[in-house]
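protein_32.cif follows (mmCIF, C-alpha atoms):
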data_data
#
loop_
_atom_site.label_atom_id
_atom_site.label_comp_id
_atom_site.auth_asym_id
_atom_site.auth_seq_id
_atom_site.Cartn_x
_atom_site.Cartn_y
_atom_site.Cartn_z
CA MET A 1 77.30 98.40 114.71
CA LYS A 2 80.10 100.94 114.62
CA ASN A 3 81.73 101.39 111.22
CA PRO A 4 85.07 99.52 111.49
CA MET A 5 86.56 101.94 108.95
CA ASN A 6 85.70 104.95 111.08
CA LEU A 7 88.61 107.45 111.12
CA GLU A 8 87.18 109.86 113.67
CA GLY A 9 89.98 111.62 115.52
CA HIS A 10 92.62 110.40 113.04
CA ASN A 11 95.01 112.90 111.47
CA ILE A 12 96.18 111.50 108.13
CA ILE A 13 98.97 112.88 105.92
CA VAL A 14 98.28 112.32 102.21
CA THR A 15 101.07 113.15 99.77
CA GLY A 16 100.23 113.96 96.18
CA ALA A 17 96.85 115.12 97.47
CA GLY A 18 96.14 117.69 94.78
CA GLN A 19 94.52 115.38 92.24
CA GLY A 20 93.67 111.81 91.28
CA ILE A 21 94.09 109.10 93.89
CA GLY A 22 95.47 111.47 96.51
CA GLU A 23 92.49 113.77 96.22
CA ALA A 24 90.03 110.87 96.40
CA VAL A 25 91.76 109.40 99.46
CA SER A 26 91.73 112.80 101.18
CA ARG A 27 88.02 113.22 100.54
CA LEU A 28 87.25 109.76 101.89
CA VAL A 29 89.40 110.32 104.99
CA VAL A 30 87.25 113.34 105.80
CA ASP A 31 84.01 111.50 104.97
CA LEU A 32 85.07 108.82 107.46
CA GLY A 33 85.58 111.42 110.18
CA GLY A 34 89.32 112.06 109.89
CA ARG A 35 91.39 115.16 109.26
CA ALA A 36 93.36 115.24 106.00
CA ILE A 37 96.81 116.80 106.01
CA LEU A 38 97.28 117.62 102.34
CA VAL A 39 100.78 117.65 100.82
CA ASP A 40 101.49 118.55 97.19
CA LEU A 41 103.71 120.67 94.96
CA GLN A 42 100.62 122.08 93.20
CA GLY A 43 99.58 124.76 95.64
CA ASP A 44 96.58 125.92 93.65
CA LYS A 45 95.03 122.46 93.48
CA VAL A 46 95.69 121.45 97.05
CA ASN A 47 94.44 124.75 98.44
CA ALA A 48 91.26 124.45 96.37
CA LEU A 49 90.73 120.97 97.80
CA ALA A 50 91.27 122.23 101.35
CA ASP A 51 88.72 125.00 100.77
CA ASP A 52 86.23 122.41 99.56
CA LEU A 53 86.85 120.11 102.53
CA GLY A 54 86.67 122.94 105.07
CA ALA A 55 89.19 124.44 107.48
CA ASP A 56 88.15 122.10 110.28
CA ASN A 57 88.92 119.07 108.13
CA ALA A 58 92.14 119.84 106.28
CA ASP A 59 95.61 121.39 106.52
CA VAL A 60 97.84 122.26 103.54
CA TYR A 61 101.60 121.98 103.07
CA VAL A 62 103.03 122.90 99.67
CA GLY A 63 106.37 121.39 98.77
CA SER A 64 108.24 118.40 97.36
CA VAL A 65 108.54 115.05 99.13
CA ALA A 66 111.93 114.74 97.39
CA GLU A 67 113.27 117.38 99.79
CA PRO A 68 113.95 115.78 103.20
CA GLY A 69 114.09 119.15 104.96
CA PHE A 70 110.61 120.05 103.75
CA VAL A 71 109.26 116.64 104.75
CA GLN A 72 110.59 116.78 108.32
CA ASP A 73 109.40 120.37 108.76
CA MET A 74 105.95 119.45 107.42
CA VAL A 75 105.62 116.54 109.85
CA ASN A 76 106.83 118.66 112.78
CA LYS A 77 104.27 121.35 111.99
CA ALA A 78 101.46 118.83 111.47
CA VAL A 79 102.19 117.25 114.85
CA ALA A 80 102.44 120.62 116.59
CA LYS A 81 99.12 121.75 115.15
CA ASN A 82 97.12 118.54 115.52
CA GLY A 83 98.78 116.85 118.48
CA ALA A 84 99.55 113.65 116.60
CA VAL A 85 99.70 112.08 113.16
CA HIS A 86 97.91 108.73 113.06
CA GLY A 87 98.35 107.82 109.41
CA LEU A 88 100.40 108.44 106.29
CA VAL A 89 99.50 107.72 102.67
CA ASN A 90 102.69 107.82 100.58
CA ASN A 91 101.00 108.58 97.28
CA ALA A 92 103.08 111.30 95.58
CA GLY A 93 104.63 110.15 92.33
CA ILE A 94 105.74 111.19 88.86
CA VAL A 95 106.33 109.48 85.51
CA ARG A 96 109.25 110.22 83.18
CA ALA A 97 109.25 107.71 80.33
CA ALA A 98 112.12 106.45 78.18
CA MET A 99 113.39 103.06 77.07
CA ALA A 100 116.12 101.72 79.36
CA HIS A 101 118.97 102.07 76.85
CA LYS A 102 117.98 105.65 76.01
CA MET A 103 117.08 106.96 79.49
CA PRO A 104 119.10 110.03 80.54
CA ILE A 105 120.49 109.85 84.05
CA ASP A 106 118.50 112.87 85.19
CA THR A 107 115.28 111.19 83.96
CA TRP A 108 116.15 108.13 86.05
CA GLN A 109 117.02 110.25 89.08
CA GLN A 110 113.92 112.46 89.02
CA VAL A 111 111.63 109.45 89.39
CA ILE A 112 113.80 107.75 92.02
CA ASP A 113 113.95 111.00 94.02
CA VAL A 114 110.17 111.37 94.22
CA ASN A 115 108.80 107.83 93.96
CA LEU A 116 111.33 106.05 96.17
CA SER A 117 113.43 108.48 98.21
CA GLY A 118 110.39 110.68 98.83
CA VAL A 119 108.48 107.69 100.18
CA PHE A 120 111.39 106.91 102.52
CA TYR A 121 111.68 110.50 103.75
CA CYS A 122 107.98 110.63 104.63
CA LEU A 123 107.97 107.14 106.14
CA GLN A 124 111.02 107.98 108.26
CA ALA A 125 109.73 111.33 109.53
CA VAL A 126 106.26 110.03 110.38
CA GLY A 127 107.72 106.79 111.77
CA ARG A 128 109.96 108.72 114.18
CA HIS A 129 106.92 110.57 115.50
CA MET A 130 104.92 107.35 115.87
CA LEU A 131 107.81 105.65 117.69
CA ASP A 132 108.08 108.60 120.09
CA ARG A 133 104.35 108.33 120.80
CA ASN A 134 104.72 104.62 121.49
CA LYS A 135 107.58 105.26 123.95
CA GLU A 136 105.33 107.68 125.79
CA GLY A 137 102.69 104.98 126.17
CA ASP A 138 100.37 106.40 123.51
CA ASN A 139 98.67 103.40 121.89
CA SER A 140 96.48 105.36 119.47
CA PRO A 141 96.41 104.08 115.85
CA ALA A 142 99.52 104.30 113.70
CA SER A 143 99.32 103.16 110.07
CA ILE A 144 101.40 103.86 106.97
CA VAL A 145 100.16 102.97 103.48
CA ASN A 146 102.73 103.09 100.68
CA ILE A 147 101.40 103.27 97.13
CA SER A 148 103.12 100.96 94.66
CA SER A 149 102.01 99.58 91.31
CA ASP A 150 101.79 96.50 89.11
CA ALA A 151 104.94 97.95 87.55
CA GLY A 152 106.71 97.14 90.80
CA ARG A 153 105.53 93.52 90.72
CA ARG A 154 105.87 92.67 87.01
CA GLY A 155 108.11 95.31 85.50
CA THR A 156 107.14 97.74 82.77
CA ILE A 157 108.24 98.81 79.31
CA GLY A 158 109.59 102.33 78.83
CA GLN A 159 109.56 103.22 82.53
CA ILE A 160 112.38 101.27 84.14
CA ASN A 161 112.84 104.12 86.62
CA TYR A 162 109.20 103.91 87.70
CA GLY A 163 109.24 100.10 87.91
CA ALA A 164 112.42 100.10 89.99
CA ALA A 165 111.05 102.75 92.35
CA LYS A 166 107.77 100.91 92.84
CA SER A 167 109.59 97.65 93.55
CA GLY A 168 111.69 99.56 96.06
CA VAL A 169 108.57 100.85 97.78
CA MET A 170 107.55 97.26 98.47
CA GLY A 171 110.96 96.67 100.03
CA LEU A 172 110.54 99.73 102.24
CA THR A 173 107.20 98.39 103.43
CA MET A 174 108.54 94.95 104.35
CA SER A 175 111.62 96.28 106.14
CA ALA A 176 109.78 98.98 108.08
CA ALA A 177 107.07 96.49 109.04
CA ARG A 178 109.69 94.14 110.50
CA GLU A 179 111.29 96.99 112.44
CA TRP A 180 108.21 98.84 113.71
CA SER A 181 105.16 96.57 113.84
CA GLY A 182 106.10 95.48 117.36
CA LYS A 183 105.83 99.14 118.33
CA GLY A 184 102.23 99.40 117.20
CA ILE A 185 102.96 100.81 113.74
CA ARG A 186 101.43 98.99 110.77
CA ILE A 187 102.97 99.45 107.33
CA ASN A 188 101.40 98.07 104.14
CA THR A 189 101.56 98.57 100.39
CA ILE A 190 98.81 98.90 97.83
CA CYS A 191 99.73 97.97 94.26
CA PHE A 192 97.39 99.62 91.79
CA GLY A 193 96.63 98.56 88.26
CA VAL A 194 95.35 101.12 85.77
CA VAL A 195 93.44 103.88 87.54
CA GLU A 196 91.83 106.56 85.40
CA THR A 197 94.07 109.51 86.27
CA GLU A 198 96.24 111.95 84.32
CA MET A 199 99.26 109.71 84.93
CA THR A 200 97.71 106.80 83.02
CA GLU A 201 96.46 108.72 79.98
CA THR A 202 99.05 107.15 77.66
CA ILE A 203 98.35 103.54 78.61
CA ARG A 204 94.61 104.18 78.29
CA SER A 205 94.99 105.67 74.80
CA ASP A 206 93.68 103.93 71.68
CA LYS A 207 97.17 102.59 70.96
CA PHE A 208 97.44 100.54 74.17
CA ARG A 209 93.96 100.33 75.71
CA ASP A 210 92.70 97.07 74.19
CA GLY A 211 95.92 95.20 74.85
CA VAL A 212 96.03 96.25 78.48
CA MET A 213 92.32 95.65 79.05
CA ALA A 214 92.62 92.11 77.68
CA GLN A 215 94.88 91.26 80.64
CA VAL A 216 92.41 92.48 83.27
CA PRO A 217 89.93 89.69 84.17
CA MET A 218 87.35 92.18 85.44
CA GLY A 219 87.42 93.85 82.03
CA ARG A 220 87.61 97.47 83.13
CA PHE A 221 89.88 100.11 84.64
CA SER A 222 89.22 101.64 88.05
CA ASP A 223 88.69 105.23 89.13
CA PRO A 224 90.23 107.16 92.04
CA GLU A 225 87.10 106.99 94.18
CA GLU A 226 86.95 103.20 93.92
CA VAL A 227 90.60 102.62 94.83
CA SER A 228 90.56 105.11 97.71
CA GLN A 229 88.48 102.66 99.73
CA PRO A 230 91.14 99.94 100.22
CA VAL A 231 93.62 102.68 101.16
CA CYS A 232 91.33 103.87 103.95
CA PHE A 233 90.67 100.26 104.96
CA LEU A 234 94.39 99.81 105.65
CA LEU A 235 94.49 103.11 107.54
CA SER A 236 91.60 102.06 109.75
CA GLN A 237 91.28 99.68 112.68
CA ALA A 238 89.42 97.31 110.35
CA ALA A 239 92.96 96.29 109.29
CA SER A 240 94.37 96.19 112.84
CA TYR A 241 96.10 92.80 112.35
CA ILE A 242 97.50 93.47 108.87
CA THR A 243 101.09 94.59 108.38
CA GLY A 244 103.92 94.09 105.90
CA GLN A 245 101.51 93.14 103.11
CA HIS A 246 101.13 94.12 99.46
CA LEU A 247 97.48 94.41 98.45
CA SER A 248 96.82 94.27 94.70
CA VAL A 249 93.94 96.51 93.58
CA ASN A 250 93.97 95.83 89.85
CA GLY A 251 90.90 93.92 88.67
CA GLY A 252 92.78 90.60 88.78
CA TYR A 253 95.74 91.62 86.63
CA THR A 254 98.20 89.82 88.93
CA ILE A 255 96.15 86.82 90.09
CA GLY A 256 98.43 84.33 91.81
CA VAL A 257 101.42 86.72 92.08
#
Would you mind writing the structure in this file as structure tokens?
Amino acid sequence: MKNPMNLEGHNIIVTGAGQGIGEAVSRLVVDLGGRAILVDLQGDKVNALADDLGADNADVYVGSVAEPGFVQDMVNKAVAKNGAVHGLVNNAGIVRAAMAHKMPIDTWQQVIDVNLSGVFYCLQAVGRHMLDRNKEGDNSPASIVNISSDAGRRGTIGQINYGAAKSGVMGLTMSAAREWSGKGIRINTICFGVVETEMTETIRSDKFRDGVMAQVPMGRFSDPEEVSQPVCFLLSQAASYITGQHLSVNGGYTIGV
């Protein structure tokens, strides 16, 4: 039987590809036969990953998803080089913590710019390309996976900017799915719990670890390699009839939500 998660011939843009979840997703895309188009501000990390994956399997674009000009130029170049973009993983994100009543406006805006506006810029640029392909009668796969968080479902303490952005990402998914799914473009969200990355070091510290773990029925945190698999599932034709959904990958933290 053919692997239903096969990504052979798929060109997939992964933002925030230089480390953590983005790196793991990029590696799995290539393992499944696809080509990873790596986007990150950290040029050293993303270029090292591309070298490891091999020139035939990866492209690199260094820049910020918070800059719409960079995003559109990156997508244009990726399409020109590869012929088409079949998937997008909107993974890039930052954390800037402060309690709501103490949060400086620039701290609020930095997170909104990357975690919400950046997701929209990438979704819009890739979506335009996918719509153009559809008009031309090209019915090859077209899937967008937006990365959200439990913080977007339940709220969070000390990161109101992050929680608001991640809730907004879910809204982007639902609206884009209603607009574009009839054109062959699937758009879904994955909401992660605590994944063992640099971004979650604080919540996994001795101060918070036991309290957070007590709320996870599976009794453990996940790692980037484990959570990359549902991302690639949604990119693949194994999820061909799934759109506009929010998949929780969190060990049961939000059962029933």
Exactly which residues make up the result of the PyMOL selection byres ((chain A and resi 162) around 12) on this file, given as number ranges by chain?
A: 93-100, 103, 107-116, 148-161, 163-169, 199
Residues as selected, C-alpha atoms, written as a PDB file, in the coordinates of the input, can you do that?
ATOM      1  CA  GLY A  93     104.630 110.150  92.330  1.00  0.00           C
ATOM      2  CA  ILE A  94     105.740 111.190  88.860  1.00  0.00           C
ATOM      3  CA  VAL A  95     106.330 109.480  85.510  1.00  0.00           C
ATOM      4  CA  ARG A  96     109.250 110.220  83.180  1.00  0.00           C
ATOM      5  CA  ALA A  97     109.250 107.710  80.330  1.00  0.00           C
ATOM      6  CA  ALA A  98     112.120 106.450  78.180  1.00  0.00           C
ATOM      7  CA  MET A  99     113.390 103.060  77.070  1.00  0.00           C
ATOM      8  CA  ALA A 100     116.120 101.720  79.360  1.00  0.00           C
ATOM      9  CA  MET A 103     117.080 106.960  79.490  1.00  0.00           C
ATOM     10  CA  THR A 107     115.280 111.190  83.960  1.00  0.00           C
ATOM     11  CA  TRP A 108     116.150 108.130  86.050  1.00  0.00           C
ATOM     12  CA  GLN A 109     117.020 110.250  89.080  1.00  0.00           C
ATOM     13  CA  GLN A 110     113.920 112.460  89.020  1.00  0.00           C
ATOM     14  CA  VAL A 111     111.630 109.450  89.390  1.00  0.00           C
ATOM     15  CA  ILE A 112     113.800 107.750  92.020  1.00  0.00           C
ATOM     16  CA  ASP A 113     113.950 111.000  94.020  1.00  0.00           C
ATOM     17  CA  VAL A 114     110.170 111.370  94.220  1.00  0.00           C
ATOM     18  CA  ASN A 115     108.800 107.830  93.960  1.00  0.00           C
ATOM     19  CA  LEU A 116     111.330 106.050  96.170  1.00  0.00           C
ATOM     20  CA  SER A 148     103.120 100.960  94.660  1.00  0.00           C
ATOM     21  CA  SER A 149     102.010  99.580  91.310  1.00  0.00           C
ATOM     22  CA  ASP A 150     101.790  96.500  89.110  1.00  0.00           C
ATOM     23  CA  ALA A 151     104.940  97.950  87.550  1.00  0.00           C
ATOM     24  CA  GLY A 152     106.710  97.140  90.800  1.00  0.00           C
ATOM     25  CA  ARG A 153     105.530  93.520  90.720  1.00  0.00           C
ATOM     26  CA  ARG A 154     105.870  92.670  87.010  1.00  0.00           C
ATOM     27  CA  GLY A 155     108.110  95.310  85.500  1.00  0.00           C
ATOM     28  CA  THR A 156     107.140  97.740  82.770  1.00  0.00           C
ATOM     29  CA  ILE A 157     108.240  98.810  79.310  1.00  0.00           C
ATOM     30  CA  GLY A 158     109.590 102.330  78.830  1.00  0.00           C
ATOM     31  CA  GLN A 159     109.560 103.220  82.530  1.00  0.00           C
ATOM     32  CA  ILE A 160     112.380 101.270  84.140  1.00  0.00           C
ATOM     33  CA  ASN A 161     112.840 104.120  86.620  1.00  0.00           C
ATOM     34  CA  GLY A 163     109.240 100.100  87.910  1.00  0.00           C
ATOM     35  CA  ALA A 164     112.420 100.100  89.990  1.00  0.00           C
ATOM     36  CA  ALA A 165     111.050 102.750  92.350  1.00  0.00           C
ATOM     37  CA  LYS A 166     107.770 100.910  92.840  1.00  0.00           C
ATOM     38  CA  SER A 167     109.590  97.650  93.550  1.00  0.00           C
ATOM     39  CA  GLY A 168     111.690  99.560  96.060  1.00  0.00           C
ATOM     40  CA  VAL A 169     108.570 100.850  97.780  1.00  0.00           C
ATOM     41  CA  MET A 199      99.260 109.710  84.930  1.00  0.00           C
TER      42      MET A 199
END
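For range 176-179 of chain A, the non-local neighbours within 9 Å, defined as residues at least 5 positions apart in the same chain or in other chains and counting all atoms listed in the file, are Leu123, Gly127, Gly171, Ile185, Arg186, Ile187, Asn188, Thr243, Gly244 and Gln245 of chain A.
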Of the candidates A:Ile144, A:Val249, A:Ala239, A:Pro224, which one gets nearest to Cys191 in chain A if we count all atoms listed in the file?
A:Val249
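Minimum atom-to-atom distances from A:Gly34, A:Pro68, A:Gly256, A:Gly182 to Gln124 in chain A were compared using all atoms listed in the file, and the lowest value belongs to A:Pro68.
Candidate residues A:Leu247, A:Met170, A:Val89, A:Ile242 were compared for distance to Thr15 in chain A, and the nearest is A:Val89, using only C-alpha atoms.
Minimum atom-to-atom distances from A:Leu41, A:Val85, A:Ile21, A:Val30 to Thr197 in chain A were compared using only C-alpha atoms, and the lowest value belongs to A:Ile21.
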Residues matched by the PyMOL selection byres ((chain A and resi 70-73) around 9) as an mmCIF file with C-alpha atoms, in the frame of the given file:
data_model
loop_
_atom_site.group_PDB
_atom_site.id
_atom_site.type_symbol
_atom_site.label_atom_id
_atom_site.label_comp_id
_atom_site.auth_asym_id
_atom_site.auth_seq_id
_atom_site.Cartn_x
_atom_site.Cartn_y
_atom_site.Cartn_z
ATOM 1 C CA GLY A 63 106.370 121.390 98.770
ATOM 2 C CA SER A 64 108.240 118.400 97.360
ATOM 3 C CA VAL A 65 108.540 115.050 99.130
ATOM 4 C CA ALA A 66 111.930 114.740 97.390
ATOM 5 C CA GLU A 67 113.270 117.380 99.790
ATOM 6 C CA PRO A 68 113.950 115.780 103.200
ATOM 7 C CA GLY A 69 114.090 119.150 104.960
ATOM 8 C CA MET A 74 105.950 119.450 107.420
ATOM 9 C CA VAL A 75 105.620 116.540 109.850
ATOM 10 C CA ASN A 76 106.830 118.660 112.780
ATOM 11 C CA LYS A 77 104.270 121.350 111.990
ATOM 12 C CA ALA A 78 101.460 118.830 111.470
ATOM 13 C CA GLY A 118 110.390 110.680 98.830
ATOM 14 C CA TYR A 121 111.680 110.500 103.750
ATOM 15 C CA CYS A 122 107.980 110.630 104.630
ATOM 16 C CA GLN A 124 111.020 107.980 108.260
ATOM 17 C CA ALA A 125 109.730 111.330 109.530
ATOM 18 C CA VAL A 126 106.260 110.030 110.380
#
